[in-house]
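Next comes upload13.tsv, a file with TSV, C-alpha atoms and all ligand atoms.
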chain	number	residue	atom	x	y	z
A	194	MET	CA	115.55	90.51	102.24
A	195	THR	CA	114.36	86.96	101.59
A	196	GLU	CA	116.89	84.97	99.65
A	197	SER	CA	115.06	81.64	99.35
A	198	ALA	CA	114.02	80.56	95.88
A	199	SER	CA	110.29	80.28	95.33
A	200	PRO	CA	108.53	76.93	94.93
A	201	ALA	CA	107.72	78.17	91.44
A	202	HIS	CA	111.41	77.82	90.65
A	203	ARG	CA	111.83	74.30	91.93
A	204	PRO	CA	112.25	71.97	88.98
A	205	GLY	CA	108.86	71.01	87.62
A	206	ALA	CA	106.87	73.46	89.72
A	207	ASP	CA	104.27	75.26	87.65
A	208	PRO	CA	103.91	78.82	89.00
A	209	VAL	CA	100.25	78.97	88.08
A	210	SER	CA	99.46	75.79	90.05
A	211	VAL	CA	101.58	77.08	92.94
A	212	TRP	CA	99.64	80.34	92.79
A	213	ARG	CA	96.22	78.70	92.69
A	214	GLY	CA	97.18	76.43	95.59
A	215	LEU	CA	98.31	79.32	97.76
A	216	ALA	CA	96.03	82.20	96.73
A	217	GLU	CA	93.50	81.72	99.49
A	218	GLY	CA	95.01	82.83	102.77
A	219	SER	CA	98.00	84.57	101.17
A	220	VAL	CA	98.59	88.31	100.81
A	221	LEU	CA	98.29	89.54	97.21
A	222	LEU	CA	101.14	91.86	96.28
A	223	ASP	CA	99.72	93.83	93.41
A	224	GLY	CA	102.36	95.51	91.28
A	225	PHE	CA	106.13	95.93	91.25
A	226	HIS	CA	106.31	98.39	94.16
A	227	ALA	CA	104.29	96.20	96.52
A	228	LEU	CA	106.54	93.24	95.70
A	229	LYS	CA	109.69	95.36	96.08
A	230	HIS	CA	108.61	96.65	99.53
A	231	ALA	CA	107.48	93.26	100.75
A	232	VAL	CA	110.78	91.61	99.76
A	233	ARG	CA	112.78	94.48	101.20
A	234	PHE	CA	111.04	94.18	104.57
A	235	GLY	CA	111.46	90.43	104.87
A	236	ALA	CA	108.18	88.99	103.58
A	237	SER	CA	108.18	85.36	102.57
A	238	VAL	CA	107.15	85.34	98.88
A	239	PRO	CA	106.52	81.85	97.49
A	240	VAL	CA	105.47	82.91	93.97
A	241	ALA	CA	105.75	86.00	91.76
A	242	VAL	CA	104.68	86.46	88.14
A	243	THR	CA	105.00	89.11	85.45
A	244	VAL	CA	104.06	89.41	81.81
A	245	ASP	CA	107.47	90.94	81.02
A	246	ARG	CA	110.44	89.71	83.10
A	247	ALA	CA	112.93	91.97	81.29
A	248	ALA	CA	110.82	95.07	81.99
A	249	ALA	CA	110.33	94.11	85.64
A	250	LEU	CA	114.05	93.53	86.13
A	251	ALA	CA	114.83	96.82	84.36
A	252	LEU	CA	112.56	98.51	86.93
A	253	ALA	CA	114.49	96.71	89.66
A	254	ASP	CA	117.80	97.93	88.21
A	255	GLU	CA	116.48	101.46	88.21
A	256	LEU	CA	114.47	101.59	91.45
A	257	ALA	CA	115.44	98.68	93.65
A	258	PRO	CA	118.95	97.33	93.02
A	259	ASP	CA	119.02	96.07	96.64
A	260	VAL	CA	116.37	93.44	95.86
A	261	ARG	CA	117.15	92.87	92.16
A	262	GLU	CA	118.80	89.51	92.73
A	263	THR	CA	115.89	88.24	94.81
A	264	LEU	CA	113.37	89.42	92.22
A	265	ASP	CA	115.40	87.76	89.47
A	266	ALA	CA	115.11	84.46	91.33
A	267	LEU	CA	111.41	84.94	92.09
A	268	LEU	CA	109.79	86.27	88.93
A	269	THR	CA	108.31	83.89	86.39
A	270	GLU	CA	107.04	85.21	83.06
A	271	VAL	CA	103.45	84.32	82.21
A	272	SER	CA	101.15	85.31	79.34
A	273	ASP	CA	98.81	88.31	79.58
A	274	LYS	CA	95.90	85.89	79.71
A	275	VAL	CA	97.33	83.88	82.61
A	276	TYR	CA	98.29	87.07	84.51
A	277	ALA	CA	94.76	88.47	84.05
A	278	SER	CA	93.31	85.21	85.40
A	279	LEU	CA	95.36	85.48	88.61
A	280	VAL	CA	94.62	89.07	89.66
A	281	PRO	CA	91.31	90.89	90.16
A	282	ARG	CA	92.45	93.80	87.95
A	283	PRO	CA	95.69	94.27	86.04
A	284	HIS	CA	98.33	96.58	87.51
A	285	PRO	CA	100.25	98.98	85.21
A	286	THR	CA	103.53	97.19	86.03
A	287	ALA	CA	101.95	93.77	85.26
A	288	VAL	CA	103.70	92.23	88.28
A	289	ALA	CA	101.94	90.24	91.00
A	290	ALA	CA	103.04	87.97	93.82
A	291	LEU	CA	101.71	86.13	96.85
A	292	ALA	CA	103.24	86.61	100.29
A	293	VAL	CA	102.76	84.66	103.49
A	294	ARG	CA	100.69	86.65	105.98
A	295	PRO	CA	102.71	87.08	109.22
A	296	SER	CA	101.20	85.23	112.18
A	297	ARG	CA	98.92	87.09	114.56
A	298	GLU	CA	101.17	85.90	117.41
A	299	ALA	CA	104.19	87.67	115.88
A	300	GLY	CA	102.15	90.86	115.40
A	301	LEU	CA	100.87	90.79	118.97
A	302	ARG	CA	104.39	90.17	120.31
A	303	ALA	CA	105.72	93.18	118.40
A	304	LEU	CA	102.87	95.39	119.61
A	305	ALA	CA	103.11	94.26	123.23
A	306	ARG	CA	106.73	95.42	123.61
A	307	THR	CA	106.83	97.80	126.55
A	308	SER	CA	110.06	99.60	125.61
A	309	ARG	CA	108.79	101.02	122.31
A	310	ASP	CA	110.82	103.74	120.63
A	311	ALA	CA	108.01	104.74	118.27
A	312	PRO	CA	104.24	105.11	118.64
A	313	VAL	CA	101.53	102.67	117.62
A	314	VAL	CA	98.78	104.15	115.42
A	315	VAL	CA	95.26	103.10	116.40
A	316	LEU	CA	92.43	103.49	113.89
A	317	ASP	CA	89.20	103.26	115.83
A	318	GLN	CA	86.57	101.57	113.65
A	319	PRO	CA	87.85	102.88	110.30
A	320	ARG	CA	85.53	102.38	107.30
A	321	ASN	CA	87.57	103.29	104.26
A	322	LEU	CA	90.00	100.65	102.98
A	323	GLY	CA	92.05	103.21	101.06
A	324	ASN	CA	92.53	105.33	104.19
A	325	ALA	CA	93.72	102.29	106.13
A	326	GLY	CA	96.27	101.47	103.41
A	327	ALA	CA	97.52	105.05	103.29
A	328	VAL	CA	97.94	105.01	107.09
A	329	ILE	CA	99.98	101.77	106.98
A	330	ARG	CA	102.22	103.38	104.36
A	331	LEU	CA	102.66	106.43	106.62
A	332	ALA	CA	103.37	104.28	109.67
A	333	ALA	CA	106.03	102.39	107.69
A	334	GLY	CA	107.59	105.64	106.49
A	335	PHE	CA	107.81	107.13	109.96
A	336	GLY	CA	109.01	103.88	111.54
A	337	ALA	CA	105.90	103.57	113.76
A	338	ALA	CA	105.76	100.42	115.89
A	339	GLY	CA	102.50	99.28	114.33
A	340	VAL	CA	98.98	100.00	113.15
A	341	VAL	CA	96.04	98.59	115.09
A	342	THR	CA	92.46	98.76	113.88
A	343	THR	CA	89.37	98.24	116.01
A	344	GLY	CA	86.01	97.28	114.53
A	345	THR	CA	85.14	95.20	111.50
A	346	LEU	CA	87.59	96.37	108.80
A	347	ASP	CA	90.30	93.77	108.07
A	348	PRO	CA	93.61	95.69	107.86
A	349	TRP	CA	94.98	92.88	105.64
A	350	HIS	CA	92.11	93.20	103.11
A	351	PRO	CA	93.57	93.18	99.54
A	352	THR	CA	92.45	96.78	98.95
A	353	VAL	CA	94.23	97.89	102.13
A	354	VAL	CA	97.38	96.02	101.08
A	355	ARG	CA	97.18	97.70	97.67
A	356	GLY	CA	96.85	101.13	99.34
A	357	GLY	CA	99.75	100.27	101.65
A	358	ALA	CA	102.05	99.47	98.69
A	359	GLY	CA	103.31	96.26	100.31
A	360	LEU	CA	104.44	98.11	103.45
A	361	HIS	CA	102.39	95.95	105.82
A	362	PHE	CA	105.63	93.98	106.15
A	363	ALA	CA	107.51	97.03	107.45
A	364	THR	CA	105.43	97.40	110.62
A	365	ALA	CA	103.05	95.33	112.78
A	366	VAL	CA	99.43	95.34	111.54
A	367	GLU	CA	96.64	93.78	113.61
A	368	ARG	CA	92.96	94.11	114.42
A	369	LEU	CA	92.24	94.28	118.18
A	370	THR	CA	89.46	95.36	120.51
A	371	VAL	CA	89.90	98.52	122.56
A	372	GLY	CA	90.34	96.27	125.62
A	373	GLU	CA	93.26	94.49	123.90
A	374	LEU	CA	95.23	97.63	122.97
A	375	PRO	CA	98.95	97.47	123.78
A	376	PRO	CA	100.27	99.29	126.84
A	377	GLY	CA	101.12	103.00	126.63
A	378	PRO	CA	99.50	106.39	127.08
A	379	VAL	CA	96.64	106.99	124.63
A	380	PHE	CA	96.70	110.33	122.79
A	381	ALA	CA	93.36	110.44	120.97
A	382	LEU	CA	93.01	112.91	118.13
A	383	ASP	CA	89.87	115.02	118.27
A	384	PRO	CA	89.16	118.61	117.13
A	385	GLU	CA	87.95	119.41	120.67
A	386	GLY	CA	91.30	118.44	122.24
A	387	GLU	CA	94.38	120.35	123.33
A	388	ASP	CA	96.40	121.98	120.53
A	389	ILE	CA	99.08	119.50	119.36
A	390	ARG	CA	101.55	122.34	118.81
A	391	GLY	CA	102.09	122.68	122.57
A	392	LEU	CA	102.64	118.94	123.12
A	393	LYS	CA	105.46	116.46	122.84
A	394	LEU	CA	104.11	113.03	121.96
A	395	PRO	CA	106.04	110.29	123.81
A	396	ASP	CA	107.69	107.48	121.84
A	397	ASP	CA	105.54	104.84	123.58
A	398	ALA	CA	102.26	106.66	122.80
A	399	LEU	CA	99.23	105.06	121.21
A	400	LEU	CA	98.02	107.68	118.70
A	401	ALA	CA	94.31	107.04	118.23
A	402	PHE	CA	92.09	108.34	115.42
A	403	GLY	CA	88.32	108.11	115.04
A	404	SER	CA	86.28	106.73	112.18
A	405	GLU	CA	85.60	108.78	109.06
A	406	ARG	CA	81.90	108.80	109.79
A	407	SER	CA	81.53	109.30	113.54
A	408	GLY	CA	84.92	110.11	115.07
A	409	LEU	CA	86.19	108.44	118.26
A	410	SER	CA	83.99	105.75	119.85
A	411	ALA	CA	82.87	106.10	123.47
A	412	GLU	CA	85.02	103.08	124.36
A	413	LEU	CA	88.17	104.60	122.91
A	414	ARG	CA	87.45	107.97	124.55
A	415	ALA	CA	87.16	106.18	127.90
A	416	ARG	CA	90.65	104.63	127.36
A	417	ALA	CA	92.19	107.98	126.24
A	418	ASP	CA	94.66	109.78	128.51
A	419	HIS	CA	94.75	112.96	126.38
A	420	LEU	CA	92.58	114.49	123.64
A	421	VAL	CA	94.71	116.25	121.03
A	422	ALA	CA	93.61	118.69	118.30
A	423	LEU	CA	95.26	119.51	114.99
A	424	PRO	CA	95.17	123.21	114.08
A	425	MET	CA	92.13	123.96	111.89
A	426	ARG	CA	90.06	127.04	111.04
A	427	PRO	CA	86.75	127.21	112.95
A	428	GLN	CA	84.47	126.72	109.94
A	429	VAL	CA	86.22	123.50	108.85
A	430	SER	CA	84.73	120.48	110.64
A	431	SER	CA	87.53	117.92	110.28
A	432	TYR	CA	90.44	116.61	108.23
A	433	ASN	CA	90.58	113.33	106.35
A	434	LEU	CA	91.66	110.41	108.55
A	435	ALA	CA	94.91	109.60	106.74
A	436	THR	CA	96.00	113.23	106.54
A	437	SER	CA	95.34	113.55	110.31
A	438	VAL	CA	97.65	110.58	110.91
A	439	ALA	CA	100.28	112.16	108.63
A	440	MET	CA	100.24	115.46	110.54
A	441	THR	CA	100.39	113.71	113.91
A	442	LEU	CA	103.29	111.40	112.99
A	443	TYR	CA	105.11	114.35	111.46
A	444	HIS	CA	104.60	116.31	114.71
A	445	TRP	CA	105.96	113.35	116.71
A	446	SER	CA	109.04	113.10	114.47
A	447	ALA	CA	109.63	116.87	114.40
A	448	THR	CA	109.51	117.23	118.18
A	449	GLY	CA	112.16	114.69	119.10
A	450	GLY	CA	110.64	111.40	117.99
A	451	ALA	CA	113.06	108.87	116.54
A	452	PRO	CA	113.76	110.06	113.00
A	453	ALA	CA	112.80	107.80	110.12
A	454	THR	CA	116.14	106.57	108.80
A	455	ALA	CA	116.97	107.21	105.18
B	501	LIG	C1	87.18	112.50	109.17
B	501	LIG	S1	87.52	112.67	110.85
B	501	LIG	C2	85.99	112.27	111.64
B	501	LIG	C3	84.88	113.20	111.36
B	501	LIG	C4	83.64	112.79	112.04
B	501	LIG	N1	82.52	113.19	111.25
B	501	LIG	C5	83.51	113.29	113.46
B	501	LIG	O1	82.37	113.49	113.85
B	501	LIG	O2	84.46	113.42	114.21
B	501	LIG	C6	88.46	111.25	111.25
B	501	LIG	C7	89.38	111.40	112.43
B	501	LIG	O3	90.48	112.23	112.07
B	501	LIG	C8	90.95	112.93	113.22
B	501	LIG	N2	90.81	114.37	112.98
B	501	LIG	C9	90.31	114.99	111.90
B	501	LIG	N3	90.42	116.33	112.02
B	501	LIG	C10	91.02	116.55	113.22
B	501	LIG	C11	91.44	117.71	113.93
B	501	LIG	N4	91.28	118.95	113.45
B	501	LIG	N5	92.02	117.55	115.15
B	501	LIG	C12	92.23	116.33	115.66
B	501	LIG	N6	91.86	115.20	115.04
B	501	LIG	C13	91.28	115.30	113.82
B	501	LIG	C14	90.08	112.49	114.38
B	501	LIG	O4	90.71	111.43	115.07
B	501	LIG	C15	88.82	112.04	113.69
B	501	LIG	O5	88.07	111.18	114.48

Let me see the file written as C-alpha cells.
Amino acid sequence: MTESASPAHRPGADPVSVWRGLAEGSVLLDGFHALKHAVRFGASVPVAVTVDRAAALALADELAPDVRETLDALLTEVSDKVYASLVPRPHPTAVAALAVRPSREAGLRALARTSRDAPVVVLDQPRNLGNAGAVIRLAAGFGAAGVVTTGTLDPWHPTVVRGGAGLHFATAVERLTVGELPPGPVFALDPEGEDIRGLKLPDDALLAFGSERSGLSAELRARADHLVALPMRPQVSSYNLATSVAMTLYHWSATGGAPATA
C-alpha cells in the first residue's frame, strides 16, 4: 500500500493542474475498483479525484477498509464538469486517478526470474483490448508471474487497464518479441494439441495463447515445447481467448500449482 500523500494534497497544489501535467505518460485508473486495486498492489498514485468524496470513502469502508486511509489522503473532490473534462467517459463510481507506469526494466527483471513459482501468460499477437484486460485480471487472481504480449497491442492501453480493473500492478505486464520471451518451457494452447486433462503444467511454464483471429503464429509455434488442447466438442472451432486462459490457469492451480492466496 502506498502511504505517501499525493502532490494534489501539498499546500497550494491544484489537483486539476497536477492531473493535466501528469496525464500524458501516466496510467489512467478509471473508477473506484481500479484505484483500490492499484493502491493495494503498491502503485504510485500522484493524484486522485472524485465528484463525491463521502460516497467514495463509504465505498472504501464497505469494500476496501485496508486502503481506506490511503484513499482518504489521496482523493480530492471536484465538480462533475471538471471530472468529465479529465476522463474520456464517466465511470459509475465517478472516481479517477493517475498512476505511475512501472518501468520496463522492473517488468523485465520480474519476468526474467528463473526460479518462478507461477507461470507467465503469453498472448501471441492479441487484437482485442478487452480480452487482454480480462487476461491481466485473471493472471492477477491466480498469482501468475506476469502477462507478456507479442505484436502491436499495447498491454498498458487505457482500455486494457480498464478491463484489468487496475490489476496491472499485481503482476508484471510487458510487450516483448517471441525471441525475447523469458526462460521456461512453452506450453502453447491449440485445439490440435494434447488433452490438458492428462498434463501437469509446471510452475515455471510459459502458457501461450494465439490471437483471436488466426491462432498461434508460426514463430510462437517454433518456440513451443508442447501443444495443449482444452476439451471441446468436435463441431466447436475454438473458445474465446480470455476464457481459454481462465481454464488453463485453473487447471494449473487445480493440479498442484501454487494456490492463489485469499
Ligand atoms: C479464439 S482462439 C483462436 C481462433 C482462431 N480462429 C484459430 O484459427 O485458431 C484464441 C486462442 O485461444 C486458445 N484456444 C481456444 N480454444 C482452444 C482449445 N479448444 N484448446 C486449446 N486452446 C484453445 C488458443 O490459444 C487460440 O489460439

Given a cut-off of 10 Å, what residues near ligand LIG 501 (chain B) show up using only C-alpha atoms and all ligand atoms, put as a tab-separated table (two decimals) with C-alpha atoms, in the frame of the given file?
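Below you can see selection20.tsv, which holds the result:
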chain	number	residue	atom	x	y	z
A	315	VAL	CA	95.26	103.10	116.40
A	316	LEU	CA	92.43	103.49	113.89
A	317	ASP	CA	89.20	103.26	115.83
A	318	GLN	CA	86.57	101.57	113.65
A	319	PRO	CA	87.85	102.88	110.30
A	380	PHE	CA	96.70	110.33	122.79
A	381	ALA	CA	93.36	110.44	120.97
A	382	LEU	CA	93.01	112.91	118.13
A	383	ASP	CA	89.87	115.02	118.27
A	384	PRO	CA	89.16	118.61	117.13
A	385	GLU	CA	87.95	119.41	120.67
A	386	GLY	CA	91.30	118.44	122.24
A	387	GLU	CA	94.38	120.35	123.33
A	388	ASP	CA	96.40	121.98	120.53
A	389	ILE	CA	99.08	119.50	119.36
A	400	LEU	CA	98.02	107.68	118.70
A	401	ALA	CA	94.31	107.04	118.23
A	402	PHE	CA	92.09	108.34	115.42
A	403	GLY	CA	88.32	108.11	115.04
A	404	SER	CA	86.28	106.73	112.18
A	405	GLU	CA	85.60	108.78	109.06
A	406	ARG	CA	81.90	108.80	109.79
A	407	SER	CA	81.53	109.30	113.54
A	408	GLY	CA	84.92	110.11	115.07
A	409	LEU	CA	86.19	108.44	118.26
A	410	SER	CA	83.99	105.75	119.85
A	420	LEU	CA	92.58	114.49	123.64
A	421	VAL	CA	94.71	116.25	121.03
A	422	ALA	CA	93.61	118.69	118.30
A	423	LEU	CA	95.26	119.51	114.99
A	424	PRO	CA	95.17	123.21	114.08
A	425	MET	CA	92.13	123.96	111.89
A	426	ARG	CA	90.06	127.04	111.04
A	427	PRO	CA	86.75	127.21	112.95
A	429	VAL	CA	86.22	123.50	108.85
A	430	SER	CA	84.73	120.48	110.64
A	431	SER	CA	87.53	117.92	110.28
A	432	TYR	CA	90.44	116.61	108.23
A	433	ASN	CA	90.58	113.33	106.35
A	434	LEU	CA	91.66	110.41	108.55
A	435	ALA	CA	94.91	109.60	106.74
A	436	THR	CA	96.00	113.23	106.54
A	437	SER	CA	95.34	113.55	110.31
A	438	VAL	CA	97.65	110.58	110.91
A	440	MET	CA	100.24	115.46	110.54
A	441	THR	CA	100.39	113.71	113.91

Using all atoms listed in the file, pick whichever of A:Pro351, A:Gly449, A:Pro281, A:Gly323 has the shortest atom-to-atom distance to Leu221 (chain A).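 Once distances to Leu221 (chain A) are computed over all atoms listed in the file, the minimum belongs to A:Pro351.
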
Could you name the residues that touch Leu346 (chain A) at 12 Å or less, counting all atoms listed in the file, but leaving out those on the same chain fewer than 2 positions away, as an MDAnalysis selection string? chainID A and resid 316:326 341:344 348:353 367:370 404

When distances are computed from only C-alpha atoms, which of A:Leu256, A:Leu374, A:Ala327, A:Ala292 shows the smallest separation from Arg355 (chain A)?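 Ranked by minimum distance to Arg355 (chain A), first place goes to A:Ala327.
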
Leaving out Gly372 (chain A) and any residue of its chain fewer than 6 positions from it, which residues lie within 10 Å of it when counting all atoms listed in the file, given as a list of chain:residue names?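 Skipping anything fewer than 6 positions along the chain leaves A:Thr343, A:Glu412, A:Leu413, A:Arg416.
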
Can you measure CA of Ala227 (chain A) to CA of Ala287 (chain A) for me? One decimal in Å is fine.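 Taking CA of Ala227 (chain A) as the start and CA of Ala287 (chain A) as the end point, the length is 11.8 Å.
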
Which residue gives the smallest distance to Ala241 (chain A) among A:Leu267, A:Val340, A:Leu399, A:Ala415, with all atoms listed in the file counted?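 Distance minimum relative to Ala241 (chain A) lands on A:Leu267.
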
What is the CA of Trp212 (chain A) to CA of Pro283 (chain A) distance in Å? 16.0 Å

List every protein, DNA or RNA residue with an atom no more than 10 Å from (107.2, 104.1, 116.0) in the file's coordinates, counting only C-alpha atoms, and format the result as a list in words.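 Every polymer residue passing the test: Arg309, Asp310, Ala311, Pro312, Val313, Val314, Ala332, Ala333, Gly334, Phe335, Gly336, Ala337, Ala338, Gly339, Val340, Thr364, Asp396, Asp397, Ala398, Leu399, Leu442, Trp445, Ser446, Gly450, Ala451, Pro452 and Ala453 of chain A.
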
Can you list, as a ChimeraX atom specification, every protein, DNA or RNA residue that comes within 9 Å of Ala290 (chain A) when you count only C-alpha atoms, leaving out same-chain residues fewer than 6 positions away? /A:212,220-225,227-228,238-243,268

Using Å and a single decimal, report how far CA of Phe362 (chain A) sits from CA of Glu298 (chain A).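 Here the two named atoms are 14.6 Å from each other.
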
From the list A:Glu262, A:Glu217, A:Asp347, A:Asp418, which residue is nearest Val379 (chain A) when using all atoms listed in the file?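 Comparing A:Glu262, A:Glu217, A:Asp347, A:Asp418 against Val379 (chain A), the winner is A:Asp418.
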
Counting all atoms listed in the file, the residue of A:Leu392, A:Val354, A:Val244, A:Val366 that sits nearest Leu301 (chain A): A:Val366

Would you give the centre and edge lengths, in Å to one decimal, of a box along x, y and z around the listed atoms of region 284-301 of chain A, with 8 Å added to each side, as JSON?
{"center_x": 101.3, "center_y": 91.8, "center_z": 102.1, "size_x": 21.9, "size_y": 30.3, "size_z": 49.8}

Residue nearest Ala303 (chain A) among A:Gly356, A:Pro375, A:Ala365, A:Asp259 (counting all atoms listed in the file):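 Looking at the shortest contact to Ala303 (chain A), the residue is A:Ala365.
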